[in-house]
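Shown next: target30.cif, containing mmCIF, C-alpha atoms (C1' of nucleotides).
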data_input
#
loop_
_atom_site.label_atom_id
_atom_site.label_comp_id
_atom_site.auth_asym_id
_atom_site.auth_seq_id
_atom_site.Cartn_x
_atom_site.Cartn_y
_atom_site.Cartn_z
CA MET A 1 92.61 38.71 -97.23
CA LYS A 2 90.39 38.92 -94.15
CA GLU A 3 87.47 37.29 -95.93
CA ILE A 4 89.32 33.98 -95.89
CA SER A 5 88.56 33.63 -92.18
CA LYS A 6 85.08 32.45 -91.45
CA ASN A 7 83.52 33.42 -88.15
CA ASN A 8 83.93 30.01 -86.67
CA ILE A 9 80.97 30.08 -84.37
CA ASP A 10 79.47 27.06 -86.11
CA SER A 11 82.62 24.96 -86.30
CA ILE A 12 83.84 25.56 -82.75
CA ASP A 13 83.62 22.71 -80.22
CA ILE A 14 81.37 24.56 -77.80
CA LYS A 15 81.47 22.02 -74.99
CA GLY A 16 85.23 21.68 -75.21
CA PHE A 17 85.64 25.45 -75.24
CA GLN A 18 83.40 25.89 -72.19
CA ASP A 19 85.23 23.17 -70.27
CA ASP A 20 88.69 24.53 -71.00
CA LEU A 21 87.64 28.08 -70.17
CA LEU A 22 85.76 27.20 -66.97
CA CYS A 23 88.50 24.87 -65.76
CA TRP A 24 91.09 27.59 -66.25
CA PHE A 25 88.91 30.15 -64.44
CA GLN A 26 88.37 27.79 -61.54
CA ALA A 27 92.13 27.45 -61.11
CA GLU A 28 93.40 30.91 -62.01
CA GLN A 29 90.75 33.48 -61.11
CA ARG A 30 91.91 36.39 -58.99
CA ASP A 31 90.77 36.73 -55.42
CA LEU A 32 88.71 39.91 -55.70
CA PRO A 33 86.59 41.48 -52.96
CA TRP A 34 83.37 41.35 -54.98
CA ARG A 35 83.82 37.63 -55.48
CA LYS A 36 83.38 36.81 -51.77
CA ASP A 37 79.67 36.21 -52.24
CA GLN A 38 76.93 36.74 -54.81
CA ASP A 39 75.03 39.50 -53.04
CA PRO A 40 73.33 41.21 -56.01
CA TYR A 41 73.87 44.62 -54.44
CA LYS A 42 77.62 44.10 -54.11
CA VAL A 43 77.84 42.63 -57.60
CA TRP A 44 75.98 45.69 -58.85
CA VAL A 45 78.23 48.18 -57.04
CA SER A 46 81.34 46.44 -58.32
CA GLU A 47 80.09 46.36 -61.91
CA ILE A 48 79.30 50.08 -61.87
CA MET A 49 82.69 50.93 -60.38
CA LEU A 50 84.48 48.72 -62.91
CA GLN A 51 83.00 50.53 -65.91
CA GLN A 52 85.98 51.98 -67.80
CA THR A 53 88.03 51.62 -64.62
CA ARG A 54 90.87 49.28 -63.68
CA VAL A 55 90.46 46.55 -61.10
CA ASP A 56 93.38 47.85 -59.01
CA THR A 57 91.81 51.29 -58.89
CA VAL A 58 88.41 49.96 -57.89
CA ILE A 59 89.44 47.64 -55.05
CA PRO A 60 90.00 50.26 -52.30
CA TYR A 61 86.94 52.23 -53.38
CA PHE A 62 84.80 49.08 -53.27
CA HIS A 63 85.93 48.26 -49.73
CA ARG A 64 85.24 51.75 -48.44
CA PHE A 65 81.92 52.03 -50.29
CA ILE A 66 80.53 48.74 -48.99
CA GLU A 67 81.74 49.54 -45.50
CA GLN A 68 79.98 52.90 -45.61
CA PHE A 69 76.86 51.68 -47.47
CA PRO A 70 76.56 47.94 -46.68
CA THR A 71 73.04 47.47 -48.01
CA ILE A 72 70.54 48.86 -50.47
CA LYS A 73 68.73 50.49 -47.58
CA ASP A 74 71.89 52.25 -46.40
CA LEU A 75 72.67 53.62 -49.83
CA SER A 76 69.05 54.63 -50.37
CA GLU A 77 69.00 56.70 -47.22
CA ALA A 78 72.40 58.34 -47.68
CA LYS A 79 72.90 61.98 -48.63
CA GLU A 80 74.02 62.28 -52.26
CA GLU A 81 76.97 64.36 -51.08
CA LYS A 82 78.24 61.44 -48.99
CA VAL A 83 77.94 59.12 -51.98
CA LEU A 84 79.86 61.50 -54.21
CA LYS A 85 82.50 61.90 -51.50
CA ALA A 86 82.90 58.11 -51.43
CA TRP A 87 83.25 58.21 -55.23
CA GLU A 88 85.73 61.12 -55.18
CA GLY A 89 88.64 60.37 -57.51
CA LEU A 90 86.98 57.43 -59.27
CA GLY A 91 85.65 59.53 -62.14
CA TYR A 92 82.48 59.34 -64.22
CA TYR A 93 80.51 60.69 -61.29
CA SER A 94 77.12 60.24 -62.91
CA ARG A 95 77.70 56.55 -62.19
CA ALA A 96 77.45 57.29 -58.49
CA ARG A 97 74.34 59.44 -58.79
CA ASN A 98 72.63 56.99 -61.16
CA LEU A 99 73.53 54.09 -58.88
CA GLN A 100 71.94 55.79 -55.90
CA ALA A 101 68.85 56.73 -57.89
CA ALA A 102 68.51 53.15 -59.12
CA VAL A 103 69.11 51.70 -55.66
CA ARG A 104 66.39 53.97 -54.29
CA GLU A 105 64.05 52.65 -56.97
CA VAL A 106 64.88 49.07 -56.03
CA HIS A 107 64.32 49.92 -52.36
CA GLU A 108 60.91 51.47 -52.98
CA LYS A 109 59.54 49.62 -56.00
CA TYR A 110 61.05 46.15 -55.53
CA GLY A 111 61.16 45.97 -51.74
CA GLY A 112 64.93 46.12 -51.75
CA LYS A 113 65.42 43.08 -53.98
CA VAL A 114 67.46 43.67 -57.13
CA PRO A 115 65.21 42.55 -60.00
CA ASP A 116 66.21 39.43 -61.92
CA THR A 117 64.64 39.99 -65.32
CA PRO A 118 66.41 41.67 -68.25
CA LYS A 119 63.54 44.09 -68.74
CA GLU A 120 63.33 45.27 -65.14
CA ILE A 121 67.04 45.45 -64.44
CA SER A 122 67.78 47.23 -67.71
CA SER A 123 65.27 49.93 -66.83
CA LEU A 124 67.38 51.02 -63.85
CA LYS A 125 69.48 54.16 -64.22
CA GLY A 126 73.07 53.44 -65.15
CA VAL A 127 72.37 49.79 -65.99
CA GLY A 128 73.08 49.24 -69.67
CA PRO A 129 73.36 46.02 -71.67
CA TYR A 130 76.71 44.99 -70.18
CA THR A 131 75.81 45.63 -66.54
CA ALA A 132 72.39 44.02 -66.88
CA GLY A 133 73.97 40.84 -68.24
CA ALA A 134 76.73 40.90 -65.62
CA ILE A 135 74.33 41.16 -62.68
CA LEU A 136 71.89 38.61 -64.09
CA SER A 137 74.58 36.05 -64.76
CA ILE A 138 76.88 36.63 -61.77
CA ALA A 139 74.28 37.24 -59.06
CA TYR A 140 71.43 35.08 -60.38
CA GLY A 141 73.03 32.50 -62.68
CA ILE A 142 70.94 33.56 -65.65
CA PRO A 143 72.58 32.88 -69.06
CA GLU A 144 72.65 36.43 -70.44
CA PRO A 145 75.61 37.88 -72.35
CA ALA A 146 77.80 40.46 -70.60
CA VAL A 147 79.80 41.96 -73.44
CA ASP A 148 82.50 44.39 -72.39
CA GLY A 149 85.76 45.40 -74.03
CA ASN A 150 87.49 42.24 -72.83
CA VAL A 151 84.83 39.98 -74.28
CA MET A 152 84.96 41.74 -77.64
CA ARG A 153 88.75 41.46 -77.76
CA VAL A 154 88.79 37.80 -76.72
CA LEU A 155 85.99 36.69 -79.02
CA SER A 156 87.18 38.77 -81.95
CA ARG A 157 90.33 36.67 -81.80
CA ILE A 158 88.77 33.30 -81.05
CA LEU A 159 86.06 33.64 -83.69
CA SER A 160 87.97 35.91 -86.05
CA ILE A 161 85.46 38.72 -86.02
CA TRP A 162 86.74 41.72 -87.97
CA ASP A 163 83.91 44.14 -87.21
CA ASP A 164 85.01 47.48 -85.76
CA ILE A 165 84.51 47.21 -81.99
CA ALA A 166 84.47 51.00 -81.73
CA LYS A 167 81.07 51.01 -83.40
CA PRO A 168 78.12 50.63 -80.99
CA SER A 169 76.28 48.30 -83.36
CA THR A 170 79.10 45.75 -83.16
CA ARG A 171 78.25 44.80 -79.59
CA LYS A 172 75.22 42.90 -80.90
CA VAL A 173 77.45 40.65 -83.00
CA PHE A 174 79.29 39.59 -79.86
CA GLU A 175 76.11 39.18 -77.84
CA ALA A 176 74.83 36.79 -80.46
CA ALA A 177 78.10 34.86 -80.25
CA VAL A 178 77.93 34.66 -76.46
CA ARG A 179 74.36 33.38 -76.59
CA LYS A 180 75.63 30.44 -78.61
CA LEU A 181 78.74 29.83 -76.52
CA ILE A 182 77.61 30.51 -72.95
CA SER A 183 77.52 27.68 -70.45
CA HIS A 184 74.01 27.16 -69.13
CA GLU A 185 75.48 25.17 -66.24
CA ASN A 186 77.56 28.12 -65.09
CA PRO A 187 76.79 31.40 -66.85
CA SER A 188 78.36 33.36 -64.01
CA HIS A 189 81.79 31.78 -64.34
CA PHE A 190 81.53 31.69 -68.12
CA ASN A 191 81.06 35.46 -68.40
CA GLN A 192 83.63 36.21 -65.72
CA ALA A 193 86.09 33.79 -67.31
CA LEU A 194 85.85 35.53 -70.67
CA MET A 195 86.64 38.84 -68.99
CA GLU A 196 89.33 37.35 -66.77
CA LEU A 197 90.97 35.81 -69.83
CA GLY A 198 90.96 39.21 -71.49
CA ALA A 199 92.49 40.83 -68.42
CA LEU A 200 95.18 38.22 -67.72
CA ILE A 201 96.02 36.38 -70.96
CA CYS A 202 94.33 37.77 -74.05
CA THR A 203 95.59 41.31 -73.45
CA PRO A 204 95.45 44.13 -76.02
CA THR A 205 99.10 44.46 -77.08
CA SER A 206 100.91 41.28 -76.07
CA PRO A 207 98.59 38.33 -75.56
CA SER A 208 100.15 35.31 -73.84
CA CYS A 209 98.86 32.80 -76.33
CA LEU A 210 101.18 30.04 -75.13
CA LEU A 211 99.55 30.25 -71.69
CA CYS A 212 96.03 30.44 -73.07
CA PRO A 213 93.68 27.64 -72.01
CA VAL A 214 91.59 28.00 -75.17
CA ARG A 215 94.28 28.59 -77.79
CA GLU A 216 93.33 25.38 -79.61
CA HIS A 217 89.85 26.84 -80.07
CA CYS A 218 91.22 30.19 -81.27
CA THR A 219 91.12 31.09 -84.95
CA ALA A 220 93.52 34.00 -84.49
CA PHE A 221 96.07 31.76 -82.77
CA HIS A 222 95.93 29.26 -85.63
CA GLU A 223 96.20 31.98 -88.24
CA GLY A 224 98.65 34.19 -86.36
CA THR A 225 96.35 37.20 -86.45
CA GLN A 226 96.07 37.81 -82.70
CA LEU A 227 97.99 41.08 -82.92
CA GLU A 228 95.72 42.41 -85.69
CA LEU A 229 92.56 41.85 -83.71
CA PRO A 230 90.34 43.39 -82.59
CA ILE A 231 89.71 46.11 -85.15
CA LYS A 232 89.20 49.39 -83.33
CA THR A 233 89.12 52.73 -85.15
CA LYS A 234 90.80 55.79 -83.72
CA THR A 235 89.00 58.36 -81.68
CA LYS A 236 89.36 62.00 -82.51
CA LYS A 237 91.42 64.33 -80.37
CA GLN A 238 90.07 66.59 -77.69
CA ARG A 239 89.97 70.34 -77.29
CA ASN A 240 91.61 72.69 -74.79
CA VAL A 241 89.95 75.09 -72.39
CA GLN A 242 91.83 77.93 -70.69
CA LEU A 243 90.59 78.70 -67.19
CA ALA A 244 91.47 80.81 -64.17
CA ALA A 245 90.55 79.66 -60.68
CA ALA A 246 90.92 81.34 -57.33
CA VAL A 247 91.14 80.11 -53.78
CA LEU A 248 89.46 83.05 -52.05
CA ALA A 249 89.50 83.65 -48.30
CA ASP A 250 87.36 86.01 -46.25
CA ASN A 251 88.67 87.93 -43.23
CA GLN A 252 88.11 84.87 -41.02
CA GLY A 253 90.11 82.60 -43.27
CA ARG A 254 87.07 80.78 -44.64
CA ILE A 255 87.26 79.62 -48.25
CA LEU A 256 84.66 80.18 -50.98
CA ILE A 257 83.54 77.04 -52.78
CA HIS A 258 80.99 76.52 -55.54
CA LYS A 259 78.75 73.56 -56.34
CA ARG A 260 78.80 72.66 -60.03
CA PRO A 261 75.53 72.30 -61.98
CA GLU A 262 73.52 69.09 -61.65
CA LYS A 263 74.16 68.11 -65.26
CA GLY A 264 77.26 67.82 -67.37
CA LEU A 265 80.94 67.61 -66.52
CA LEU A 266 81.65 66.78 -62.86
CA ALA A 267 77.98 67.36 -62.04
CA ASN A 268 77.19 68.26 -58.42
CA LEU A 269 80.82 68.23 -57.36
CA TRP A 270 82.27 71.24 -55.59
CA GLU A 271 85.06 73.42 -56.93
CA PHE A 272 86.98 76.58 -56.30
CA PRO A 273 85.38 79.37 -58.31
CA MET A 274 86.67 79.26 -61.84
CA VAL A 275 86.09 81.23 -65.04
CA GLU A 276 86.94 80.65 -68.65
CA ILE A 277 89.64 82.99 -69.91
CA ASN A 278 89.33 84.85 -73.17
CA LEU A 279 92.81 85.30 -74.63
CA ALA A 280 92.41 88.58 -76.51
CA TYR A 281 91.23 90.65 -73.60
CA VAL A 282 92.53 92.77 -70.74
CA SER A 283 94.79 91.34 -68.07
CA GLU A 284 93.83 87.99 -66.62
CA LYS A 285 93.34 89.40 -63.13
CA GLU A 286 90.95 92.11 -64.36
CA GLN A 287 89.10 89.54 -66.39
CA MET A 288 88.76 87.39 -63.29
CA LYS A 289 87.41 90.19 -61.12
CA ASP A 290 84.79 91.03 -63.75
CA ALA A 291 83.78 87.44 -64.31
CA PHE A 292 83.66 86.53 -60.62
CA HIS A 293 81.35 89.46 -60.05
CA THR A 294 79.07 88.41 -62.90
CA GLU A 295 79.11 84.65 -62.24
CA TYR A 296 79.22 84.54 -58.47
CA GLY A 297 78.20 88.02 -57.36
CA ALA A 298 81.51 88.24 -55.55
CA LYS A 299 83.66 91.29 -55.13
CA ILE A 300 87.18 90.06 -54.80
CA GLU A 301 90.83 90.95 -54.78
CA ILE A 302 93.22 88.72 -56.70
CA ASP A 303 96.70 88.24 -55.29
CA GLU A 304 99.52 86.20 -56.80
CA MET A 305 99.25 83.11 -58.94
CA THR A 306 100.05 80.08 -56.80
CA GLY A 307 100.40 77.53 -59.56
CA GLN A 308 99.10 76.01 -62.74
CA ILE A 309 97.08 72.86 -63.27
CA GLU A 310 96.80 70.86 -66.45
CA HIS A 311 94.02 68.34 -66.19
CA VAL A 312 93.35 65.91 -69.02
CA PHE A 313 89.86 64.46 -69.36
CA SER A 314 88.89 61.87 -71.92
CA HIS A 315 87.39 64.51 -74.22
CA LEU A 316 89.04 67.81 -73.24
CA THR A 317 91.92 69.41 -71.38
CA TRP A 318 91.69 72.07 -68.72
CA ASN A 319 94.59 74.48 -68.40
CA ILE A 320 93.98 76.32 -65.14
CA ASN A 321 95.93 79.24 -63.74
CA VAL A 322 95.39 79.19 -60.00
CA TYR A 323 95.40 82.37 -57.92
CA LYS A 324 94.87 83.20 -54.31
CA GLY A 325 92.80 86.16 -53.26
CA LYS A 326 90.50 87.83 -50.77
CA ILE A 327 86.76 88.20 -50.62
CA ILE A 328 85.50 91.73 -50.19
CA SER A 329 81.83 90.70 -50.33
CA VAL A 330 79.62 87.93 -51.61
CA VAL A 331 76.20 89.06 -52.77
CA LYS A 332 74.93 85.76 -54.04
CA GLU A 333 74.87 83.62 -50.91
CA GLU A 334 72.91 80.72 -52.35
CA ALA A 335 72.90 76.96 -52.04
CA ASP A 336 75.61 76.50 -54.65
CA LEU A 337 77.99 78.90 -52.92
CA LYS A 338 79.49 78.32 -49.48
CA LEU A 339 82.10 79.77 -47.17
CA VAL A 340 83.80 76.95 -45.33
CA THR A 341 86.68 76.50 -42.94
CA LEU A 342 89.80 74.53 -43.79
CA GLU A 343 88.38 71.73 -41.67
CA GLU A 344 84.89 71.71 -43.19
CA ILE A 345 86.24 71.66 -46.71
CA LYS A 346 87.30 68.03 -46.27
CA GLU A 347 83.64 66.94 -46.24
CA PHE A 348 82.91 68.14 -49.76
CA PRO A 349 83.48 66.08 -52.91
CA PHE A 350 85.96 67.73 -55.29
CA PRO A 351 87.29 66.69 -58.69
CA VAL A 352 90.93 65.65 -58.68
CA SER A 353 92.03 68.87 -60.40
CA HIS A 354 90.61 70.92 -57.54
CA GLN A 355 92.12 68.64 -54.90
CA LYS A 356 95.49 69.41 -56.46
CA MET A 357 94.62 73.08 -56.52
CA PHE A 358 93.86 73.06 -52.81
CA LYS A 359 97.16 71.33 -52.03
CA GLN A 360 99.01 74.01 -53.98
CA PHE A 361 97.17 76.64 -51.97
CA LEU A 362 98.10 75.04 -48.63
CA ASP A 363 101.72 74.70 -49.76
CA SER A 364 101.82 78.35 -50.78
CA LYS A 365 100.95 79.36 -47.22
CA VAL A 366 104.09 77.92 -45.69
"C1'" DC B 1 75.19 57.09 -84.49
"C1'" DA B 2 78.64 60.18 -82.37
"C1'" DT B 3 79.84 62.44 -78.44
"C1'" DA B 4 80.08 63.54 -73.42
"C1'" DC B 5 81.57 61.71 -69.44
"C1'" DG B 6 87.26 61.06 -65.28
"C1'" DT B 7 91.16 59.18 -63.88
"C1'" DG B 8 95.69 57.06 -63.44
"C1'" DG B 9 98.48 53.44 -65.34
"C1'" DA B 10 100.91 51.09 -69.27
"C1'" DT B 11 103.75 51.25 -73.30
"C1'" DT C 1 105.83 62.85 -74.58
"C1'" DA C 2 101.89 60.83 -76.85
"C1'" DT C 3 98.55 57.54 -77.16
"C1'" DC C 4 95.65 54.19 -75.66
"C1'" DC C 5 93.44 52.50 -72.62
"C1'" DA C 6 89.86 49.83 -68.25
"C1'" DA C 7 84.48 45.02 -66.40
"C1'" DG C 8 80.10 51.34 -70.46
"C1'" DT C 9 75.97 54.41 -70.28
"C1'" DA C 10 73.09 58.37 -71.49
"C1'" DT C 11 71.64 61.28 -74.86
#
Output the structure of this file as structure tokens.
Amino acid sequence: MKEISKNNIDSIDIKGFQDDLLCWFQAEQRDLPWRKDQDPYKVWVSEIMLQQTRVDTVIPYFHRFIEQFPTIKDLSEAKEEKVLKAWEGLGYYSRARNLQAAVREVHEKYGGKVPDTPKEISSLKGVGPYTAGAILSIAYGIPEPAVDGNVMRVLSRILSIWDDIAKPSTRKVFEAAVRKLISHENPSHFNQALMELGALICTPTSPSCLLCPVREHCTAFHEGTQLELPIKTKTKKQRNVQLAAAVLADNQGRILIHKRPEKGLLANLWEFPMVEINLAYVSEKEQMKDAFHTEYGAKIEIDEMTGQIEHVFSHLTWNINVYKGKIISVVKEEADLKLVTLEEIKEFPFPVSHQKMFKQFLDSKV
DNA sequence: CATACGTGGAT
DNA sequence: TATCCAAGTAT
């Protein structure tokens, strides 16, 4: 059935395809803040923020980030905590830390100029095949593929490519296709147009084929297979973790916060102390007092539960029972543990789940 | 290669 | 409500 369709890369009218695509992009492209100029730094920041993240979500973050860190030098010299605070709520926080590390490398090793070769730019932390191609093409006009989810969806339909786009190896198939199709006159607009088409017209569930500028070049449109493509296998389901957290105050009303480890989930963000709960055990409050003593060296008193938080990540779910309590003593006063006032707490980067937790705590006081 | 890594919006 | 997702990368 599917074998009937050839991958039409060799029969497609490449020049006609490029012209139709580029003409459409020229007329219909969205007015986005990172399209104001081609500053490689701003292109870079936008591409990192846009990884697995919607345009509408990114826009306000991009404005604030560029205002706070306008240049490579500014970001290089910033405290990591400030960078994470600027990233707070965007998710995938290693992006922010990798971006700063890479920007520092560019500042020191390349005199502040973002490198313009595939080899050099790909060696930077957080810059993978997609981002390397995006920066090279958009900022420097170099004809490199920038294959993201949009491009795979669009080209799977146009060229009738039935490979499973969930498999990492499949990206290479699309990169090879882009190398044949890309406009050498305008690689920047070509790559952006492919993505823009995926975002505006060639959407996952209901593509607007009748509005598509390249439908006459599209195998799927001719064969009516646009709703079957791309092929993407299911991901497996995630696990649950039961947790208990506590917003703990000392006798001056200061709150105890904890800095998460530098690797792994929500690395280097701050949180309210939290412990995993073992179901078949003594009461939750007793379990918490024990665990808080072991983990944080804190002697505490747990008062009432102020709420519950369910937080769904891409790969797991946190179910958190949130308590309020008092600090009797903190033995382990180290760098990852701080007592802060309600005013100071605003300066620290928290995951969204803990922002919600803090709101519940404030509400419970009135 | 498969899995970890966040979040909020769409259907 | 459940599922999938949105301009991916590191390990």
task: Apply the PyMOL selection byres ((chain A and resi 156) around 12) to the structure shown and report the selected residues as JSON, numbers by chain.
output: {"A": [5, 6, 7, 8, 9, 147, 149, 150, 151, 152, 153, 154, 155, 157, 158, 159, 160, 161, 162, 163, 164, 165, 170, 171, 173, 174, 175, 177, 178, 194, 198, 202, 204, 218, 219, 220, 221, 225, 226, 227, 228, 229, 230, 231, 232]}
Would you give me, as CSV, each residue of chain B having an atom within 7 Å of an atom of chain A, along with its shortest atom pair and that distance in Å to one decimal, using only C-alpha atoms (C1' of nucleotides) and sorting by chain and residue number?
residue,atom,partner,partner_atom,distance
B:DC5,C1',A:Tyr92,CA,5.8
B:DG6,C1',A:Gly91,CA,3.8
B:DT7,C1',A:Gly91,CA,5.8
When the cut-off is 9 Å and we count only C-alpha atoms (C1' of nucleotides), which residues of chain C are near chain A, given as a PDB file with C-alpha atoms (C1' of nucleotides), in the coordinates of the input?
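New file out-v3.pdb:
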ATOM      1  C1'  DC C   5      93.440  52.500 -72.620  1.00  0.00           C
ATOM      2  C1'  DA C   6      89.860  49.830 -68.250  1.00  0.00           C
ATOM      3  C1'  DA C   7      84.480  45.020 -66.400  1.00  0.00           C
ATOM      4  C1'  DG C   8      80.100  51.340 -70.460  1.00  0.00           C
ATOM      5  C1'  DT C   9      75.970  54.410 -70.280  1.00  0.00           C
ATOM      6  C1'  DA C  10      73.090  58.370 -71.490  1.00  0.00           C
TER       7       DA C  10
END
- request: One decimal, Å: what's the distance from C1' of DG9 in chain B over to CA of Trp87 in chain A, could you say?
  value: 18.9 Å
query: What lies within 10 Å of range 292-294 of chain A using all atoms listed in the file, ignoring chain neighbours under 4 positions off, as a ChimeraX atom specification?
result: /A:245-246,273-275,286-288,298-300,329-332
message: Using the chain letters and numbers from this file, what does the PyMOL selection byres ((chain C and resi 1) around 12) select? Give the answer as number ranges by chain.
response: B: 11; C: 2-3
query: To one decimal place, how far is CA of Val43 in chain A from CA of Ser123 in chain A in Å?
result: 17.2 Å
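If you look at CA of Glu304 in chain A and CA of Val340 in chain A, they are 21.5 Å away from each other.
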query: Within 10 Å of Asp74 in chain A, counting only C-alpha atoms (C1' of nucleotides), which residues qualify if same-chain residues fewer than 4 places away don't, as a ChimeraX atom specification?
result: /A:66,68-70,78,103-104,107
- request: Starting from the shown file, work through the PyMOL selection byres ((chain A and resi 106) around 12) and note down what comes out as an MDAnalysis selection string.
  value: chainID A and resid 40:41 44 71:73 75:76 99:105 107:116 120:121 123:125
Create the file for the chosen residues now, containing C-alpha atoms and written as an mmCIF file, keeping the file's coordinate frame.
data_model
loop_
_atom_site.group_PDB
_atom_site.id
_atom_site.type_symbol
_atom_site.label_atom_id
_atom_site.label_comp_id
_atom_site.auth_asym_id
_atom_site.auth_seq_id
_atom_site.Cartn_x
_atom_site.Cartn_y
_atom_site.Cartn_z
ATOM 1 C CA PRO A 40 73.330 41.210 -56.010
ATOM 2 C CA TYR A 41 73.870 44.620 -54.440
ATOM 3 C CA TRP A 44 75.980 45.690 -58.850
ATOM 4 C CA THR A 71 73.040 47.470 -48.010
ATOM 5 C CA ILE A 72 70.540 48.860 -50.470
ATOM 6 C CA LYS A 73 68.730 50.490 -47.580
ATOM 7 C CA LEU A 75 72.670 53.620 -49.830
ATOM 8 C CA SER A 76 69.050 54.630 -50.370
ATOM 9 C CA LEU A 99 73.530 54.090 -58.880
ATOM 10 C CA GLN A 100 71.940 55.790 -55.900
ATOM 11 C CA ALA A 101 68.850 56.730 -57.890
ATOM 12 C CA ALA A 102 68.510 53.150 -59.120
ATOM 13 C CA VAL A 103 69.110 51.700 -55.660
ATOM 14 C CA ARG A 104 66.390 53.970 -54.290
ATOM 15 C CA GLU A 105 64.050 52.650 -56.970
ATOM 16 C CA HIS A 107 64.320 49.920 -52.360
ATOM 17 C CA GLU A 108 60.910 51.470 -52.980
ATOM 18 C CA LYS A 109 59.540 49.620 -56.000
ATOM 19 C CA TYR A 110 61.050 46.150 -55.530
ATOM 20 C CA GLY A 111 61.160 45.970 -51.740
ATOM 21 C CA GLY A 112 64.930 46.120 -51.750
ATOM 22 C CA LYS A 113 65.420 43.080 -53.980
ATOM 23 C CA VAL A 114 67.460 43.670 -57.130
ATOM 24 C CA PRO A 115 65.210 42.550 -60.000
ATOM 25 C CA ASP A 116 66.210 39.430 -61.920
ATOM 26 C CA GLU A 120 63.330 45.270 -65.140
ATOM 27 C CA ILE A 121 67.040 45.450 -64.440
ATOM 28 C CA SER A 123 65.270 49.930 -66.830
ATOM 29 C CA LEU A 124 67.380 51.020 -63.850
ATOM 30 C CA LYS A 125 69.480 54.160 -64.220
#
Mind giving me the axis-aligned box for chain C with 6 Å on every side, centre plus edges in Å to one decimal, as lines of an AutoDock Vina configuration file?
center_x = 88.7
center_y = 53.9
center_z = -71.8
size_x = 46.2
size_y = 29.8
size_z = 22.8
- prompt: For the point (84.5, 70.9, -51.2) in file coordinates, what residues are within 12 Å, counting all atoms listed in the file? Give the answer as a PyMOL selection string?
  reply: chain A and resi 81-82+84-85+88+247+255-260+268-273+336-352+354-355+357-358
Limited to C-alpha atoms, could you put the picked residues into a file as a PDB file, in the coordinates of the input?
ATOM      1  CA  GLU A  81      76.970  64.360 -51.080  1.00  0.00           C
ATOM      2  CA  LYS A  82      78.240  61.440 -48.990  1.00  0.00           C
ATOM      3  CA  LEU A  84      79.860  61.500 -54.210  1.00  0.00           C
ATOM      4  CA  LYS A  85      82.500  61.900 -51.500  1.00  0.00           C
ATOM      5  CA  GLU A  88      85.730  61.120 -55.180  1.00  0.00           C
ATOM      6  CA  VAL A 247      91.140  80.110 -53.780  1.00  0.00           C
ATOM      7  CA  ILE A 255      87.260  79.620 -48.250  1.00  0.00           C
ATOM      8  CA  LEU A 256      84.660  80.180 -50.980  1.00  0.00           C
ATOM      9  CA  ILE A 257      83.540  77.040 -52.780  1.00  0.00           C
ATOM     10  CA  HIS A 258      80.990  76.520 -55.540  1.00  0.00           C
ATOM     11  CA  LYS A 259      78.750  73.560 -56.340  1.00  0.00           C
ATOM     12  CA  ARG A 260      78.800  72.660 -60.030  1.00  0.00           C
ATOM     13  CA  ASN A 268      77.190  68.260 -58.420  1.00  0.00           C
ATOM     14  CA  LEU A 269      80.820  68.230 -57.360  1.00  0.00           C
ATOM     15  CA  TRP A 270      82.270  71.240 -55.590  1.00  0.00           C
ATOM     16  CA  GLU A 271      85.060  73.420 -56.930  1.00  0.00           C
ATOM     17  CA  PHE A 272      86.980  76.580 -56.300  1.00  0.00           C
ATOM     18  CA  PRO A 273      85.380  79.370 -58.310  1.00  0.00           C
ATOM     19  CA  ASP A 336      75.610  76.500 -54.650  1.00  0.00           C
ATOM     20  CA  LEU A 337      77.990  78.900 -52.920  1.00  0.00           C
ATOM     21  CA  LYS A 338      79.490  78.320 -49.480  1.00  0.00           C
ATOM     22  CA  LEU A 339      82.100  79.770 -47.170  1.00  0.00           C
ATOM     23  CA  VAL A 340      83.800  76.950 -45.330  1.00  0.00           C
ATOM     24  CA  THR A 341      86.680  76.500 -42.940  1.00  0.00           C
ATOM     25  CA  LEU A 342      89.800  74.530 -43.790  1.00  0.00           C
ATOM     26  CA  GLU A 343      88.380  71.730 -41.670  1.00  0.00           C
ATOM     27  CA  GLU A 344      84.890  71.710 -43.190  1.00  0.00           C
ATOM     28  CA  ILE A 345      86.240  71.660 -46.710  1.00  0.00           C
ATOM     29  CA  LYS A 346      87.300  68.030 -46.270  1.00  0.00           C
ATOM     30  CA  GLU A 347      83.640  66.940 -46.240  1.00  0.00           C
ATOM     31  CA  PHE A 348      82.910  68.140 -49.760  1.00  0.00           C
ATOM     32  CA  PRO A 349      83.480  66.080 -52.910  1.00  0.00           C
ATOM     33  CA  PHE A 350      85.960  67.730 -55.290  1.00  0.00           C
ATOM     34  CA  PRO A 351      87.290  66.690 -58.690  1.00  0.00           C
ATOM     35  CA  VAL A 352      90.930  65.650 -58.680  1.00  0.00           C
ATOM     36  CA  HIS A 354      90.610  70.920 -57.540  1.00  0.00           C
ATOM     37  CA  GLN A 355      92.120  68.640 -54.900  1.00  0.00           C
ATOM     38  CA  MET A 357      94.620  73.080 -56.520  1.00  0.00           C
ATOM     39  CA  PHE A 358      93.860  73.060 -52.810  1.00  0.00           C
TER      40      PHE A 358
END
Only C-alpha atoms (C1' of nucleotides) needed: put range 1-9 of chain B from the block into a file as an mmCIF file, in the first residue's frame.
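Output saved as result29.cif:
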data_model
loop_
_atom_site.group_PDB
_atom_site.id
_atom_site.type_symbol
_atom_site.label_atom_id
_atom_site.label_comp_id
_atom_site.auth_asym_id
_atom_site.auth_seq_id
_atom_site.Cartn_x
_atom_site.Cartn_y
_atom_site.Cartn_z
ATOM 1 C "C1'" DC B 1 18.943 3.785 20.741
ATOM 2 C "C1'" DA B 2 15.786 4.947 24.566
ATOM 3 C "C1'" DT B 3 15.017 7.894 28.125
ATOM 4 C "C1'" DA B 4 15.294 12.189 30.947
ATOM 5 C "C1'" DC B 5 14.175 16.672 30.727
ATOM 6 C "C1'" DG B 6 8.906 21.255 31.898
ATOM 7 C "C1'" DT B 7 5.126 23.562 30.854
ATOM 8 C "C1'" DG B 8 0.626 25.116 29.268
ATOM 9 C "C1'" DG B 9 -2.412 24.884 25.363
#
